[in-house]
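Shown next: protein-v3.pdb, given as PDB, C-alpha atoms.
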```pdb
ATOM      1  CA  MET F   1     -15.715 -55.618  24.012  1.00  0.00           C
ATOM      2  CA  LYS F   2     -13.136 -54.494  26.599  1.00  0.00           C
ATOM      3  CA  LYS F   3     -10.331 -54.819  24.038  1.00  0.00           C
ATOM      4  CA  ASN F   4     -11.918 -52.028  21.987  1.00  0.00           C
ATOM      5  CA  VAL F   5     -12.254 -49.561  24.868  1.00  0.00           C
ATOM      6  CA  LEU F   6      -8.626 -48.379  25.053  1.00  0.00           C
ATOM      7  CA  PRO F   7      -8.195 -47.690  21.306  1.00  0.00           C
ATOM      8  CA  ALA F   8     -11.504 -45.821  21.257  1.00  0.00           C
ATOM      9  CA  LEU F   9     -10.477 -43.786  24.304  1.00  0.00           C
ATOM     10  CA  LEU F  10      -7.120 -42.907  22.728  1.00  0.00           C
ATOM     11  CA  VAL F  11      -8.871 -41.751  19.559  1.00  0.00           C
ATOM     12  CA  PHE F  12     -11.219 -39.580  21.633  1.00  0.00           C
ATOM     13  CA  VAL F  13      -8.348 -37.987  23.594  1.00  0.00           C
ATOM     14  CA  ALA F  14      -6.348 -37.346  20.413  1.00  0.00           C
ATOM     15  CA  ALA F  15      -9.384 -35.707  18.799  1.00  0.00           C
ATOM     16  CA  ALA F  16      -9.936 -33.511  21.854  1.00  0.00           C
ATOM     17  CA  VAL F  17      -6.288 -32.388  21.911  1.00  0.00           C
ATOM     18  CA  ALA F  18      -6.381 -31.642  18.188  1.00  0.00           C
ATOM     19  CA  ALA F  19      -9.572 -29.600  18.584  1.00  0.00           C
ATOM     20  CA  GLU F  20      -8.049 -27.621  21.454  1.00  0.00           C
ATOM     21  CA  ARG F  21      -4.934 -26.831  19.411  1.00  0.00           C
ATOM     22  CA  GLN F  22      -7.047 -25.774  16.465  1.00  0.00           C
ATOM     23  CA  ALA F  23      -9.169 -23.508  18.625  1.00  0.00           C
ATOM     24  CA  GLY F  24      -6.077 -21.844  20.069  1.00  0.00           C
ATOM     25  CA  THR F  25      -5.646 -20.018  23.352  1.00  0.00           C
ATOM     26  CA  ASP F  26      -8.498 -17.857  24.606  1.00  0.00           C
ATOM     27  CA  PRO F  27      -6.977 -14.385  25.259  1.00  0.00           C
ATOM     28  CA  ARG F  28      -9.195 -13.945  28.324  1.00  0.00           C
ATOM     29  CA  ILE F  29      -7.963 -17.206  29.830  1.00  0.00           C
ATOM     30  CA  TRP F  30      -4.389 -16.252  28.923  1.00  0.00           C
ATOM     31  CA  VAL F  31      -4.725 -12.975  30.853  1.00  0.00           C
ATOM     32  CA  ALA F  32      -6.484 -14.716  33.753  1.00  0.00           C
ATOM     33  CA  ASN F  33      -3.571 -17.141  34.048  1.00  0.00           C
ATOM     34  CA  LEU F  34      -1.082 -14.263  34.152  1.00  0.00           C
ATOM     35  CA  GLU F  35      -3.106 -12.518  36.862  1.00  0.00           C
ATOM     36  CA  LYS F  36      -3.521 -15.698  38.908  1.00  0.00           C
ATOM     37  CA  SER F  37       0.186 -16.518  38.743  1.00  0.00           C
ATOM     38  CA  TYR F  38       1.140 -13.005  39.839  1.00  0.00           C
ATOM     39  CA  ALA F  39      -1.452 -12.959  42.640  1.00  0.00           C
ATOM     40  CA  GLU F  40       0.218 -15.998  44.217  1.00  0.00           C
ATOM     41  CA  ILE F  41       3.600 -14.257  44.536  1.00  0.00           C
ATOM     42  CA  GLU F  42       4.693 -12.530  47.749  1.00  0.00           C
ATOM     43  CA  SER F  43       8.173 -11.518  46.591  1.00  0.00           C
ATOM     44  CA  TYR F  44      10.642 -12.274  43.833  1.00  0.00           C
ATOM     45  CA  SER F  45      14.108 -11.508  42.572  1.00  0.00           C
ATOM     46  CA  ALA F  46      15.459 -11.429  39.035  1.00  0.00           C
ATOM     47  CA  ILE F  47      18.066 -10.018  36.713  1.00  0.00           C
ATOM     48  CA  PHE F  48      16.053  -7.314  35.029  1.00  0.00           C
ATOM     49  CA  HIS F  49      17.007  -6.346  31.475  1.00  0.00           C
ATOM     50  CA  LYS F  50      15.743  -2.938  30.424  1.00  0.00           C
ATOM     51  CA  GLN F  51      16.018  -1.151  27.085  1.00  0.00           C
ATOM     52  CA  GLU F  52      13.892   1.868  26.152  1.00  0.00           C
ATOM     53  CA  ARG F  53      13.597   4.405  23.378  1.00  0.00           C
ATOM     54  CA  VAL F  54      13.872   7.868  24.935  1.00  0.00           C
ATOM     55  CA  ASP F  55      13.719  11.124  22.962  1.00  0.00           C
ATOM     56  CA  GLY F  56      13.675   9.119  19.736  1.00  0.00           C
ATOM     57  CA  LYS F  57      16.831   7.134  20.527  1.00  0.00           C
ATOM     58  CA  LEU F  58      16.951   3.459  21.496  1.00  0.00           C
ATOM     59  CA  ARG F  59      19.215   3.455  24.527  1.00  0.00           C
ATOM     60  CA  GLU F  60      21.741   0.837  25.555  1.00  0.00           C
ATOM     61  CA  GLU F  61      20.362  -2.141  27.481  1.00  0.00           C
ATOM     62  CA  GLU F  62      20.657  -1.879  31.258  1.00  0.00           C
ATOM     63  CA  THR F  63      21.235  -4.947  33.443  1.00  0.00           C
ATOM     64  CA  ILE F  64      19.826  -4.693  36.956  1.00  0.00           C
ATOM     65  CA  SER F  65      19.632  -6.948  39.995  1.00  0.00           C
ATOM     66  CA  LEU F  66      16.000  -6.555  41.044  1.00  0.00           C
ATOM     67  CA  LYS F  67      14.204  -7.368  44.289  1.00  0.00           C
ATOM     68  CA  PHE F  68      10.460  -6.865  44.700  1.00  0.00           C
ATOM     69  CA  LYS F  69       8.089  -7.435  47.608  1.00  0.00           C
ATOM     70  CA  LYS F  70       4.367  -6.764  47.794  1.00  0.00           C
ATOM     71  CA  PRO F  71       2.553  -4.496  48.287  1.00  0.00           C
ATOM     72  CA  PHE F  72       5.265  -2.350  46.669  1.00  0.00           C
ATOM     73  CA  LYS F  73       8.884  -2.409  47.698  1.00  0.00           C
ATOM     74  CA  VAL F  74      11.605  -2.436  45.088  1.00  0.00           C
ATOM     75  CA  TYR F  75      15.392  -2.484  45.238  1.00  0.00           C
ATOM     76  CA  MET F  76      17.527  -2.192  42.097  1.00  0.00           C
ATOM     77  CA  LYS F  77      21.273  -2.432  41.589  1.00  0.00           C
ATOM     78  CA  TRP F  78      22.841  -1.911  38.163  1.00  0.00           C
ATOM     79  CA  ILE F  79      25.407  -4.685  37.755  1.00  0.00           C
ATOM     80  CA  LYS F  80      26.780  -3.864  34.314  1.00  0.00           C
ATOM     81  CA  ALA F  81      27.479  -0.756  32.266  1.00  0.00           C
ATOM     82  CA  PRO F  82      25.809   1.590  31.666  1.00  0.00           C
ATOM     83  CA  HIS F  83      25.245   2.915  35.201  1.00  0.00           C
ATOM     84  CA  LYS F  84      27.134   0.068  36.894  1.00  0.00           C
ATOM     85  CA  GLY F  85      27.047   0.547  40.660  1.00  0.00           C
ATOM     86  CA  ARG F  86      23.864   2.627  40.712  1.00  0.00           C
ATOM     87  CA  GLU F  87      21.378   1.654  43.420  1.00  0.00           C
ATOM     88  CA  ALA F  88      17.753   2.679  43.844  1.00  0.00           C
ATOM     89  CA  LEU F  89      15.324   1.921  46.655  1.00  0.00           C
ATOM     90  CA  TYR F  90      11.627   2.699  46.807  1.00  0.00           C
ATOM     91  CA  ALA F  91       8.842   1.561  49.126  1.00  0.00           C
ATOM     92  CA  ALA F  92       5.305   2.903  49.021  1.00  0.00           C
ATOM     93  CA  GLY F  93       4.698   5.134  52.045  1.00  0.00           C
ATOM     94  CA  TRP F  94       8.380   5.249  53.074  1.00  0.00           C
ATOM     95  CA  ASN F  95      10.776   8.189  52.700  1.00  0.00           C
ATOM     96  CA  LYS F  96       7.891  10.541  51.828  1.00  0.00           C
ATOM     97  CA  ASN F  97       7.264   8.345  48.761  1.00  0.00           C
ATOM     98  CA  GLN F  98      10.614   9.386  47.321  1.00  0.00           C
ATOM     99  CA  VAL F  99      13.120   7.098  45.655  1.00  0.00           C
ATOM    100  CA  ARG F 100      16.537   6.912  47.334  1.00  0.00           C
ATOM    101  CA  VAL F 101      19.306   6.625  44.771  1.00  0.00           C
ATOM    102  CA  HIS F 102      23.022   6.963  44.248  1.00  0.00           C
ATOM    103  CA  GLU F 103      25.231   6.512  41.212  1.00  0.00           C
ATOM    104  CA  GLY F 104      28.229   4.218  40.852  1.00  0.00           C
ATOM    105  CA  GLY F 105      31.867   5.211  41.153  1.00  0.00           C
ATOM    106  CA  ILE F 106      32.867   8.452  42.806  1.00  0.00           C
ATOM    107  CA  LEU F 107      29.361   9.836  42.275  1.00  0.00           C
ATOM    108  CA  GLY F 108      28.122   7.103  44.596  1.00  0.00           C
ATOM    109  CA  LEU F 109      29.415   9.094  47.565  1.00  0.00           C
ATOM    110  CA  VAL F 110      26.271  11.215  47.308  1.00  0.00           C
ATOM    111  CA  THR F 111      22.855   9.677  48.041  1.00  0.00           C
ATOM    112  CA  VAL F 112      19.765  11.675  47.118  1.00  0.00           C
ATOM    113  CA  ASN F 113      16.002  11.399  47.555  1.00  0.00           C
ATOM    114  CA  LEU F 114      13.987  12.151  44.439  1.00  0.00           C
ATOM    115  CA  ASP F 115      10.393  12.504  43.356  1.00  0.00           C
ATOM    116  CA  PRO F 116       9.862   9.344  41.230  1.00  0.00           C
ATOM    117  CA  ASN F 117       8.014  11.417  38.629  1.00  0.00           C
ATOM    118  CA  GLY F 118      10.373  14.381  38.772  1.00  0.00           C
ATOM    119  CA  ARG F 119      12.675  15.501  35.989  1.00  0.00           C
ATOM    120  CA  GLN F 120      15.884  14.193  37.558  1.00  0.00           C
ATOM    121  CA  ALA F 121      14.502  10.717  38.362  1.00  0.00           C
ATOM    122  CA  MET F 122      12.864  10.414  34.945  1.00  0.00           C
ATOM    123  CA  GLN F 123      15.959  11.398  32.979  1.00  0.00           C
ATOM    124  CA  GLY F 124      16.710   8.610  30.504  1.00  0.00           C
ATOM    125  CA  ASN F 125      13.589   6.658  31.470  1.00  0.00           C
ATOM    126  CA  ARG F 126      10.152   6.097  29.971  1.00  0.00           C
ATOM    127  CA  HIS F 127       8.644   5.118  33.326  1.00  0.00           C
ATOM    128  CA  PRO F 128       9.061   6.020  36.996  1.00  0.00           C
ATOM    129  CA  ILE F 129      10.316   3.393  39.435  1.00  0.00           C
ATOM    130  CA  THR F 130       6.709   3.039  40.661  1.00  0.00           C
ATOM    131  CA  ASP F 131       5.937   1.209  37.386  1.00  0.00           C
ATOM    132  CA  THR F 132       8.706  -1.337  37.907  1.00  0.00           C
ATOM    133  CA  GLY F 133       7.960  -5.041  38.069  1.00  0.00           C
ATOM    134  CA  LEU F 134       5.742  -7.855  36.897  1.00  0.00           C
ATOM    135  CA  GLY F 135       2.583  -6.503  38.506  1.00  0.00           C
ATOM    136  CA  ASN F 136       2.385  -3.362  36.399  1.00  0.00           C
ATOM    137  CA  LEU F 137       3.298  -5.341  33.295  1.00  0.00           C
ATOM    138  CA  VAL F 138       0.496  -7.879  33.856  1.00  0.00           C
ATOM    139  CA  LYS F 139      -1.941  -5.031  34.587  1.00  0.00           C
ATOM    140  CA  VAL F 140      -1.142  -3.175  31.337  1.00  0.00           C
ATOM    141  CA  LEU F 141      -1.390  -6.346  29.263  1.00  0.00           C
ATOM    142  CA  GLY F 142      -4.716  -7.242  30.854  1.00  0.00           C
ATOM    143  CA  GLU F 143      -6.230  -3.814  30.314  1.00  0.00           C
ATOM    144  CA  ASN F 144      -5.254  -3.665  26.657  1.00  0.00           C
ATOM    145  CA  VAL F 145      -6.353  -7.212  25.867  1.00  0.00           C
ATOM    146  CA  SER F 146      -9.746  -6.594  27.509  1.00  0.00           C
ATOM    147  CA  LYS F 147     -10.244  -3.306  25.699  1.00  0.00           C
ATOM    148  CA  GLY F 148      -9.171  -4.763  22.353  1.00  0.00           C
ATOM    149  CA  LEU F 149     -11.483  -7.762  22.693  1.00  0.00           C
ATOM    150  CA  GLU F 150     -14.443  -5.617  23.675  1.00  0.00           C
ATOM    151  CA  ALA F 151     -13.913  -3.376  20.645  1.00  0.00           C
ATOM    152  CA  GLY F 152     -13.170  -6.315  18.327  1.00  0.00           C
ATOM    153  CA  GLU F 153      -9.795  -4.752  17.504  1.00  0.00           C
ATOM    154  CA  LEU F 154      -7.327  -7.240  18.959  1.00  0.00           C
ATOM    155  CA  GLU F 155      -5.297  -9.755  16.962  1.00  0.00           C
ATOM    156  CA  PHE F 156      -4.023 -12.458  19.295  1.00  0.00           C
ATOM    157  CA  LYS F 157      -1.297 -14.460  17.567  1.00  0.00           C
ATOM    158  CA  GLU F 158       0.411 -17.581  18.869  1.00  0.00           C
ATOM    159  CA  HIS F 159       3.923 -18.266  17.584  1.00  0.00           C
ATOM    160  CA  GLY F 160       4.728 -21.537  19.324  1.00  0.00           C
ATOM    161  CA  GLU F 161       7.552 -21.966  21.806  1.00  0.00           C
ATOM    162  CA  ASP F 162      10.951 -20.293  22.206  1.00  0.00           C
ATOM    163  CA  MET F 163      13.831 -20.621  24.617  1.00  0.00           C
ATOM    164  CA  VAL F 164      14.218 -17.499  26.745  1.00  0.00           C
ATOM    165  CA  TYR F 165      17.058 -17.320  29.275  1.00  0.00           C
ATOM    166  CA  GLY F 166      17.406 -21.099  28.957  1.00  0.00           C
ATOM    167  CA  ARG F 167      13.741 -21.830  29.704  1.00  0.00           C
ATOM    168  CA  LYS F 168      10.807 -22.792  27.501  1.00  0.00           C
ATOM    169  CA  ALA F 169       8.351 -19.981  26.849  1.00  0.00           C
ATOM    170  CA  GLN F 170       5.161 -19.457  24.881  1.00  0.00           C
ATOM    171  CA  LYS F 171       5.468 -16.660  22.318  1.00  0.00           C
ATOM    172  CA  ILE F 172       2.393 -14.447  21.937  1.00  0.00           C
ATOM    173  CA  GLU F 173       1.917 -11.374  19.757  1.00  0.00           C
ATOM    174  CA  LEU F 174      -0.757  -8.772  20.434  1.00  0.00           C
ATOM    175  CA  VAL F 175      -1.655  -6.487  17.525  1.00  0.00           C
ATOM    176  CA  LEU F 176      -3.876  -3.467  18.155  1.00  0.00           C
ATOM    177  CA  PRO F 177      -5.080  -0.621  15.905  1.00  0.00           C
ATOM    178  CA  LYS F 178      -2.196   1.205  14.287  1.00  0.00           C
ATOM    179  CA  THR F 179      -3.359   4.602  15.448  1.00  0.00           C
ATOM    180  CA  LYS F 180      -2.470   6.399  18.662  1.00  0.00           C
ATOM    181  CA  ALA F 181      -5.923   7.996  18.767  1.00  0.00           C
ATOM    182  CA  LYS F 182      -7.434   4.696  19.925  1.00  0.00           C
ATOM    183  CA  ASP F 183      -5.580   5.195  23.224  1.00  0.00           C
ATOM    184  CA  TYR F 184      -4.073   1.737  23.526  1.00  0.00           C
ATOM    185  CA  TYR F 185      -0.689   1.331  25.180  1.00  0.00           C
ATOM    186  CA  CYS F 186       1.005   0.396  21.912  1.00  0.00           C
ATOM    187  CA  TYR F 187       0.476  -0.885  18.387  1.00  0.00           C
ATOM    188  CA  ARG F 188       2.146  -4.257  18.903  1.00  0.00           C
ATOM    189  CA  ALA F 189       3.528  -6.333  21.757  1.00  0.00           C
ATOM    190  CA  VAL F 190       5.532  -9.555  21.638  1.00  0.00           C
ATOM    191  CA  ILE F 191       5.382 -11.448  24.926  1.00  0.00           C
ATOM    192  CA  HIS F 192       7.215 -14.576  26.018  1.00  0.00           C
ATOM    193  CA  VAL F 193       5.510 -16.366  28.904  1.00  0.00           C
ATOM    194  CA  ASP F 194       7.452 -18.968  30.870  1.00  0.00           C
ATOM    195  CA  LEU F 195       5.680 -22.329  30.519  1.00  0.00           C
ATOM    196  CA  GLU F 196       6.310 -23.290  34.143  1.00  0.00           C
ATOM    197  CA  THR F 197       5.607 -20.035  36.011  1.00  0.00           C
ATOM    198  CA  THR F 198       3.004 -18.669  33.545  1.00  0.00           C
ATOM    199  CA  LEU F 199       4.599 -15.240  33.921  1.00  0.00           C
ATOM    200  CA  PRO F 200       6.217 -12.952  31.328  1.00  0.00           C
ATOM    201  CA  THR F 201       9.967 -13.353  30.970  1.00  0.00           C
ATOM    202  CA  ARG F 202      10.445 -11.078  27.964  1.00  0.00           C
ATOM    203  CA  VAL F 203       8.252  -8.305  26.570  1.00  0.00           C
ATOM    204  CA  GLN F 204       8.892  -6.153  23.504  1.00  0.00           C
ATOM    205  CA  ILE F 205       6.662  -3.137  22.849  1.00  0.00           C
ATOM    206  CA  PHE F 206       6.330  -1.404  19.462  1.00  0.00           C
ATOM    207  CA  ASP F 207       4.850   2.031  18.802  1.00  0.00           C
ATOM    208  CA  TRP F 208       2.474   3.087  16.031  1.00  0.00           C
ATOM    209  CA  ASP F 209       5.370   3.410  13.597  1.00  0.00           C
ATOM    210  CA  ASN F 210       6.270  -0.188  14.523  1.00  0.00           C
ATOM    211  CA  LEU F 211       9.482   0.941  16.229  1.00  0.00           C
ATOM    212  CA  LEU F 212      10.745  -0.919  19.287  1.00  0.00           C
ATOM    213  CA  ILE F 213      10.241   1.406  22.250  1.00  0.00           C
ATOM    214  CA  GLU F 214      10.453  -0.958  25.227  1.00  0.00           C
ATOM    215  CA  ASN F 215      12.335  -4.208  25.655  1.00  0.00           C
ATOM    216  CA  TYR F 216      12.180  -5.865  29.074  1.00  0.00           C
ATOM    217  CA  GLY F 217      13.381  -9.226  30.357  1.00  0.00           C
ATOM    218  CA  PHE F 218      13.290 -11.094  33.665  1.00  0.00           C
ATOM    219  CA  GLU F 219      16.210 -13.526  33.814  1.00  0.00           C
ATOM    220  CA  ASN F 220      16.706 -16.013  36.669  1.00  0.00           C
ATOM    221  CA  LEU F 221      13.263 -15.164  38.025  1.00  0.00           C
ATOM    222  CA  ASN F 222      13.075 -16.527  41.575  1.00  0.00           C
ATOM    223  CA  LEU F 223       9.524 -16.667  42.924  1.00  0.00           C
ATOM    224  CA  LYS F 224      10.689 -18.220  46.195  1.00  0.00           C
ATOM    225  CA  ALA F 225      13.166 -15.519  47.114  1.00  0.00           C
ATOM    226  CA  GLY F 226      11.655 -15.128  50.600  1.00  0.00           C
ATOM    227  CA  LEU F 227      12.566 -11.452  50.744  1.00  0.00           C
ATOM    228  CA  THR F 228      12.211  -9.600  54.062  1.00  0.00           C
ATOM    229  CA  ASP F 229      12.131  -5.964  55.137  1.00  0.00           C
ATOM    230  CA  ALA F 230      15.933  -6.106  55.429  1.00  0.00           C
ATOM    231  CA  ASP F 231      16.135  -6.407  51.646  1.00  0.00           C
ATOM    232  CA  PHE F 232      14.522  -2.968  51.397  1.00  0.00           C
ATOM    233  CA  ASP F 233      16.360  -1.260  54.238  1.00  0.00           C
ATOM    234  CA  PRO F 234      18.901   1.389  53.185  1.00  0.00           C
ATOM    235  CA  LYS F 235      20.971   0.358  56.235  1.00  0.00           C
ATOM    236  CA  ASN F 236      21.457  -3.129  54.769  1.00  0.00           C
ATOM    237  CA  PRO F 237      25.268  -3.656  54.936  1.00  0.00           C
ATOM    238  CA  ALA F 238      25.231  -5.070  51.408  1.00  0.00           C
ATOM    239  CA  TYR F 239      24.031  -1.722  50.067  1.00  0.00           C
ATOM    240  CA  LYS F 240      25.932   1.545  49.678  1.00  0.00           C
ATOM    241  CA  PHE F 241      23.345   4.197  50.443  1.00  0.00           C
TER
END
```
What does the file become when written as structure tokens?
Amino acid sequence: MKKNVLPALLVFVAAAVAAERQAGTDPRIWVANLEKSYAEIESYSAIFHKQERVDGKLREEETISLKFKKPFKVYMKWIKAPHKGREALYAAGWNKNQVRVHEGGILGLVTVNLDPNGRQAMQGNRHPITDTGLGNLVKVLGENVSKGLEAGELEFKEHGEDMVYGRKAQKIELVLPKTKAKDYYCYRAVIHVDLETTLPTRVQIFDWDNLLIENYGFENLNLKAGLTDADFDPKNPAYKF
């Protein structure tokens, strides 16, 4: 009798795995995993890739060295053209909630403090610096998935695995009603979630005309960066404020 136990057990496990694959990922569990993974982070660093459509034109991709520490401190340094040498620093409650910024090159001699939502800070951007980072991204995804599920309007598509920045990632596509009047964030989103960290490493957002409007990536994401207040101090000797 004992000789038959192992084969029977293997058949049972194989059947369970096959049933799970057929059922697919539950969007609610998918969002919960994103939220749980982000909640466990204290700080992180990454090479942030940013490309946005502004005033109808898809702008050149920006490459930024990013540091982030909860509850909300962010430092950004543009390390490639365009805007190479630009630095920006923002911390909630500091500097009258203004972003401190300077450009690269000779323009970098002048450091200014700007309203994050003001015209000058928003020039060439779809979002203020206060929207930067994984936390806001996870929040927006969660809100739209929940709303779409409740209304029965969400298509949750799984497209297997891809390699993103040299790491394995799950590819998910969210499709929402193709009408702006429904007040979703977008019509379509393609998200790559790192299989190890369970966090987004690339997100592409499409508007209601199915045009790419936002393309973000988090390369070399380091969740054990151990960042301190010195990383968000304008007097840091590594910075040029």
Residues at most 12 Å from segment 154-169 of chain F, counting all atoms listed in the file, excluding those fewer than 3 positions away in the same chain, as an mmCIF file with C-alpha atoms, keeping the file's coordinate frame?
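Saved the output as result_6.cif:
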```cif
data_model
loop_
_atom_site.group_PDB
_atom_site.id
_atom_site.type_symbol
_atom_site.label_atom_id
_atom_site.label_comp_id
_atom_site.auth_asym_id
_atom_site.auth_seq_id
_atom_site.Cartn_x
_atom_site.Cartn_y
_atom_site.Cartn_z
ATOM 1 C CA ARG F 21 -4.934 -26.831 19.411
ATOM 2 C CA GLN F 22 -7.047 -25.774 16.465
ATOM 3 C CA ALA F 23 -9.169 -23.508 18.625
ATOM 4 C CA GLY F 24 -6.077 -21.844 20.069
ATOM 5 C CA THR F 25 -5.646 -20.018 23.352
ATOM 6 C CA ASP F 26 -8.498 -17.857 24.606
ATOM 7 C CA PRO F 27 -6.977 -14.385 25.259
ATOM 8 C CA ARG F 28 -9.195 -13.945 28.324
ATOM 9 C CA TRP F 30 -4.389 -16.252 28.923
ATOM 10 C CA VAL F 31 -4.725 -12.975 30.853
ATOM 11 C CA ALA F 46 15.459 -11.429 39.035
ATOM 12 C CA ILE F 47 18.066 -10.018 36.713
ATOM 13 C CA PHE F 48 16.053 -7.314 35.029
ATOM 14 C CA HIS F 49 17.007 -6.346 31.475
ATOM 15 C CA LEU F 141 -1.390 -6.346 29.263
ATOM 16 C CA GLU F 143 -6.230 -3.814 30.314
ATOM 17 C CA ASN F 144 -5.254 -3.665 26.657
ATOM 18 C CA VAL F 145 -6.353 -7.212 25.867
ATOM 19 C CA SER F 146 -9.746 -6.594 27.509
ATOM 20 C CA LYS F 147 -10.244 -3.306 25.699
ATOM 21 C CA GLY F 148 -9.171 -4.763 22.353
ATOM 22 C CA LEU F 149 -11.483 -7.762 22.693
ATOM 23 C CA GLU F 150 -14.443 -5.617 23.675
ATOM 24 C CA ALA F 151 -13.913 -3.376 20.645
ATOM 25 C CA ILE F 172 2.393 -14.447 21.937
ATOM 26 C CA GLU F 173 1.917 -11.374 19.757
ATOM 27 C CA LEU F 174 -0.757 -8.772 20.434
ATOM 28 C CA VAL F 175 -1.655 -6.487 17.525
ATOM 29 C CA LEU F 176 -3.876 -3.467 18.155
ATOM 30 C CA PRO F 177 -5.080 -0.621 15.905
ATOM 31 C CA LYS F 178 -2.196 1.205 14.287
ATOM 32 C CA LYS F 182 -7.434 4.696 19.925
ATOM 33 C CA TYR F 184 -4.073 1.737 23.526
ATOM 34 C CA CYS F 186 1.005 0.396 21.912
ATOM 35 C CA TYR F 187 0.476 -0.885 18.387
ATOM 36 C CA ARG F 188 2.146 -4.257 18.903
ATOM 37 C CA ALA F 189 3.528 -6.333 21.757
ATOM 38 C CA VAL F 190 5.532 -9.555 21.638
ATOM 39 C CA ILE F 191 5.382 -11.448 24.926
ATOM 40 C CA HIS F 192 7.215 -14.576 26.018
ATOM 41 C CA VAL F 193 5.510 -16.366 28.904
ATOM 42 C CA ASP F 194 7.452 -18.968 30.870
ATOM 43 C CA LEU F 195 5.680 -22.329 30.519
ATOM 44 C CA GLU F 196 6.310 -23.290 34.143
ATOM 45 C CA THR F 197 5.607 -20.035 36.011
ATOM 46 C CA THR F 198 3.004 -18.669 33.545
ATOM 47 C CA LEU F 199 4.599 -15.240 33.921
ATOM 48 C CA PRO F 200 6.217 -12.952 31.328
ATOM 49 C CA THR F 201 9.967 -13.353 30.970
ATOM 50 C CA ARG F 202 10.445 -11.078 27.964
ATOM 51 C CA VAL F 203 8.252 -8.305 26.570
ATOM 52 C CA GLY F 217 13.381 -9.226 30.357
ATOM 53 C CA PHE F 218 13.290 -11.094 33.665
ATOM 54 C CA GLU F 219 16.210 -13.526 33.814
ATOM 55 C CA ASN F 220 16.706 -16.013 36.669
ATOM 56 C CA LEU F 221 13.263 -15.164 38.025
#
```
Might I get the box with edges along x, y and z of the file that holds all atoms of segment 213-227 of chain F listed there, padded by 4 Å on every side, given as centre and edge lengths in Å to one decimal, as JSON?
```
{"center_x": 13.1, "center_y": -8.4, "center_z": 36.5, "size_x": 15.2, "size_y": 27.6, "size_z": 36.5}
```
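Considering the residues F:Tyr185, F:Asn215, F:Glu40, F:Asp207 and counting only C-alpha atoms, Val140 of chain F has its shortest atom-to-atom contact with F:Tyr185.
The environment of Glu35 of chain F within 8 Å, counting all atoms listed in the file and disregarding residues fewer than 4 places along the same chain, consists of Val31, Ala39, Val138 and Lys139 of chain F.
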Generate a file of the selected residues that holds C-alpha atoms, formatted as a CSV table (one decimal), keeping the file's coordinate frame.
```csv
chain,number,residue,atom,x,y,z
F,31,VAL,CA,-4.7,-13.0,30.9
F,39,ALA,CA,-1.5,-13.0,42.6
F,138,VAL,CA,0.5,-7.9,33.9
F,139,LYS,CA,-1.9,-5.0,34.6
```
Practice problem: Measure the distance from atom CA of Leu212 of chain F to atom CA of Glu103 of chain F in Å and round it to one decimal. | Solution: 27.3 Å
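Checking F:Gly93, F:Thr130, F:Pro234, F:Leu137 one by one against Ile205 of chain F, counting only C-alpha atoms, you find the shortest gap at F:Leu137.
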Quiz item: Between atom CA of Ile64 of chain F and atom CA of Leu227 of chain F, what is the spacing in Å?
Solution: 17.0 Å
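Closest to Asp131 of chain F among F:Phe72, F:Tyr38, F:Phe206, F:Trp78 is F:Phe72, based on all atoms listed in the file.
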Extract, using only C-alpha atoms, all DNA, RNA and protein residues at most 8 Å from Phe241 of chain F, discarding same-chain residues fewer than 4 positions from it, and format them as an mmCIF file with C-alpha atoms, keeping the file's coordinate frame.
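The result, written out as part-v1.cif:
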```cif
data_model
loop_
_atom_site.group_PDB
_atom_site.id
_atom_site.type_symbol
_atom_site.label_atom_id
_atom_site.label_comp_id
_atom_site.auth_asym_id
_atom_site.auth_seq_id
_atom_site.Cartn_x
_atom_site.Cartn_y
_atom_site.Cartn_z
ATOM 1 C CA GLU F 87 21.378 1.654 43.420
ATOM 2 C CA ARG F 100 16.537 6.912 47.334
ATOM 3 C CA VAL F 101 19.306 6.625 44.771
ATOM 4 C CA HIS F 102 23.022 6.963 44.248
ATOM 5 C CA THR F 111 22.855 9.677 48.041
ATOM 6 C CA PRO F 234 18.901 1.389 53.185
ATOM 7 C CA LYS F 235 20.971 0.358 56.235
#
```
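Distance-wise, atom CA of Ala88 of chain F and atom CA of Met76 of chain F end up 5.2 Å apart.
Closest approach to Ile41 of chain F among F:Lys69, F:Asn117, F:Gly133, F:Gly108 is made by F:Lys69 (distances from all atoms listed in the file).
Nearest residue to Pro128 of chain F among F:Ala230, F:Gln98, F:Ala225, F:Asp55 is F:Gln98, counting only C-alpha atoms.
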Quiz item: Which neighbours of Val54 of chain F fall inside 7 Å, counting only C-alpha atoms, when residues of the same chain fewer than 2 positions from it are skipped, and could you give them as a list of chain:residue names?
Solution: F:Glu52, F:Gly56, F:Lys57, F:Leu58, F:Arg59, F:Gly124, F:Asn125, F:Arg126
Self-check item: Who sits within 6 Å of Tyr44 of chain F, all atoms listed in the file, same chain under 2 positions skipped, as a VMD selection string
Solution: chain F and resid 68 222 to 223 225
Quiz item: Which residue, F:Thr228, F:Gln123, F:Asn236, F:Thr63, has the smallest gap to Tyr216 of chain F when you use all atoms listed in the file?
Solution: F:Thr63
